[in-house]
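Okay, structure first, notes after.
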Amino acid sequence: MYWKNIKIKTSDLTPKAFPKDVFIVNTIPNNLSKDEAGSGWKLLFDGKTSNGWRGAFKKRFPDHGWKIDSGMITVLKSHGEQGKNGGDIVTLNEYSAFDLTFQFKLTPGANSGVKYFVTLNEKSDSSAIGLEYQVLDDKLHPDAKLGRNGNRTLSSLYDMIPANKSERYFNQPGKWNWGRIIVYPNNHVEHWLNGIKVLEYERGSKEFKDLVAISKYKIWENFGEEKEGHILLQDHGDEVSYRSIKIKELK
């Protein structure tokens, strides 16, 4: 058990709004507090409908393979066949610089992912292409042992940068975890897991290009460097649930 930054205030208790650059943790699912809304946050999933989403290679939301129930949007199991059931889903809008937060709940052995800067221009016969925050059961899914140095494990930049985390950073399948992706206007990117920053990189830098060159993405020119793109939830054939998907555009 760890404790730090314990403070108390006993006088001059006039309520004040949070500064707009302070990150607010809201534990009510699919809810925007007054302060969140006032600082520019928006819900990407309202907890009830597929509004704002469509199939990655479709004009509408998939007719099967995804379920919206009990405040969750869930990709259903299809025996691990990537994109063969409902397929990936993407936001209708595209984003450039942003702060994105989401909760996810894995089932044992499950694989999914949250991708960003998805353009849908690449020719792919399975999942749409984009920078990926890996969502994975590291203990039971074999993909955790592939790649290099753990760069396909939970919260990693898939096939490029491993997340620097310990097991105590995350909750096991069946429990909710918080993911966060921040893309600053200067192309600095961070991945967070349950309030801990697990990696950072500079999109478009020489180091970034060198990582692309030794990854599965090397066949796509200027991979991950588009000005803007969709946010994507991946259908990898395993049951994974999402909720409280929120975004704040940064300027």
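By convention here, the chains of the structure tokens are called A, B, ... in the order presented, each chain's residues are numbered starting at 1, and ligands are numbered starting at 1 in the order presented.
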
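Those residues in range 25-251 of chain A carrying a DSSP assignment of helix (DSSP H, G or I), computed from the backbone, are Lys34, Asp35, Glu36, Ala37, Gly38, Pro142, Asp143, Ala144, Lys145, Glu167, Arg168, Tyr169, Lys206, Glu207, Phe208, Lys209, Asp210, Leu211, Val212, Ala213, Lys216, Tyr217, Lys218 and Ile219 of chain A.
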
Take the selection from the previous step and output its residues with C-alpha atoms, as a PDB file, in the first residue's frame.
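File out-v3.pdb, as written:
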ATOM      1  CA  LYS A  34     -19.732  19.875 -15.291  1.00  0.00           C
ATOM      2  CA  ASP A  35     -16.018  20.554 -14.956  1.00  0.00           C
ATOM      3  CA  GLU A  36     -15.120  18.011 -17.638  1.00  0.00           C
ATOM      4  CA  ALA A  37     -17.619  19.467 -20.096  1.00  0.00           C
ATOM      5  CA  GLY A  38     -16.440  22.965 -19.275  1.00  0.00           C
ATOM      6  CA  PRO A 142       0.247 -15.831 -27.176  1.00  0.00           C
ATOM      7  CA  ASP A 143       0.768 -12.436 -28.836  1.00  0.00           C
ATOM      8  CA  ALA A 144       2.318 -11.185 -25.578  1.00  0.00           C
ATOM      9  CA  LYS A 145       5.334 -13.427 -26.262  1.00  0.00           C
ATOM     10  CA  GLU A 167       1.821  -6.335 -12.826  1.00  0.00           C
ATOM     11  CA  ARG A 168       0.443  -4.156 -10.044  1.00  0.00           C
ATOM     12  CA  TYR A 169      -0.352  -1.454 -12.619  1.00  0.00           C
ATOM     13  CA  LYS A 206      13.920   9.670 -36.564  1.00  0.00           C
ATOM     14  CA  GLU A 207      13.565   7.252 -33.645  1.00  0.00           C
ATOM     15  CA  PHE A 208       9.918   6.722 -34.551  1.00  0.00           C
ATOM     16  CA  LYS A 209      10.741   6.113 -38.227  1.00  0.00           C
ATOM     17  CA  ASP A 210      13.462   3.638 -37.233  1.00  0.00           C
ATOM     18  CA  LEU A 211      10.936   1.682 -35.160  1.00  0.00           C
ATOM     19  CA  VAL A 212       8.456   1.622 -38.022  1.00  0.00           C
ATOM     20  CA  ALA A 213      11.194   0.288 -40.325  1.00  0.00           C
ATOM     21  CA  LYS A 216       5.056  -4.987 -39.374  1.00  0.00           C
ATOM     22  CA  TYR A 217       4.085  -1.468 -40.521  1.00  0.00           C
ATOM     23  CA  LYS A 218       7.164  -0.923 -42.692  1.00  0.00           C
ATOM     24  CA  ILE A 219       5.216  -1.720 -45.861  1.00  0.00           C
TER      25      ILE A 219
END

Item checked: Long-range neighbours of range 175-179 of chain A as an MDAnalysis selection string, 9 Å cut-off, only C-alpha atoms, 4 positions minimum in chain -> chainID A and resid 100:107 133 155 170:171 191:195 241:242

Margin query: So that I can see what lies close to Glu228 in chain A, please list as JSON, numbers by chain the residues with an atom at most 6 Å from it, counting only C-alpha atoms and leaving out residues fewer than 4 positions away in the same chain.
Written below: {"A": [94, 95, 96, 117]}

Listing only residues of range 126-182 of chain A within 12 Å of range 57-62 of chain A, what is the closest atom pair and its distance in Å (to one decimal) for each, using only C-alpha atoms, sorted by chain and residue number ascending, as a tab-separated table?
residue	atom	partner	partner_atom	distance
A:Ser126	CA	A:Phe57	CA	10.6
A:Ser127	CA	A:Phe57	CA	9.8
A:Ala128	CA	A:Phe57	CA	8.3
A:Ile129	CA	A:Phe57	CA	11.6

Next item on the list: Name the residues of range 100-135 of chain A that come out as strand (DSSP E or B) in a backbone DSSP run; write them as a VMD selection string.
Entry: chain A and resid 100 to 106 111 to 118 131 to 135

Next item on the list: Go through A:Gly147, A:Gly130, A:Pro15, A:Gly109 one by one, measure the shortest atom-to-atom distance of each to Gln234 in chain A using only C-alpha atoms, and give the residue with the smallest value.
Entry: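 Counting only C-alpha atoms, the residue closest to Gln234 in chain A is A:Gly130.
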
Next item on the list: Find the distance between CA of Gly52 in chain A and CA of Ile68 in chain A and write it in Å to one decimal.
Entry: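 One can read the CA of Gly52 in chain A to CA of Ile68 in chain A distance as 13.4 Å.
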
Checklist line | Residues near Val240 in chain A, cut-off 10 Å, only C-alpha atoms, skip fewer than 2 positions along chain, as a list in words | finding: Trp66, Met72, Ile73, Thr74, Val75, Leu76, Lys77, Phe104, Lys105, Leu106, Thr107, Pro108, Ala110, Asn111, Ser112, Gly113, Val135, Leu136, Pro173, Gly174, Leu233, Gln234, Asp235, His236, Gly237, Asp238 and Tyr242 of chain A

Checklist line | Separation of CA of Phe23 in chain A from CA of Tyr116 in chain A, in Å and rounded to one decimal | finding: 20.6 Å

Item checked: Residue among A:Val118, A:Ile24, A:Ala56, A:Leu44 lying closest to His230 in chain A, counting only C-alpha atoms -> A:Val118

Note to self: With distances taken over only C-alpha atoms, which residue among A:Glu221, A:Val22, A:Tyr201, A:Asp137 lies nearest Gly40 in chain A?
What the structure shows: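 Residue with the minimum atom-to-atom distance to Gly40 in chain A: A:Val22.
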
Margin query: Here is a test: counting only C-alpha atoms, which residue of A:Arg54, A:Arg152, A:Lys123, A:Lys16 is nearest to Ile89 in chain A?
Written below: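 For Ile89 in chain A, the nearest of the given residues is A:Arg54.
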
Margin query: I need the residue nearest Val25 in chain A from this list: A:Trp3, A:Lys246, A:Lys251, A:Ile181. Use only C-alpha atoms for the distance.
Written below: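 Ranking A:Trp3, A:Lys246, A:Lys251, A:Ile181 by distance to Val25 in chain A, first place goes to A:Lys246.
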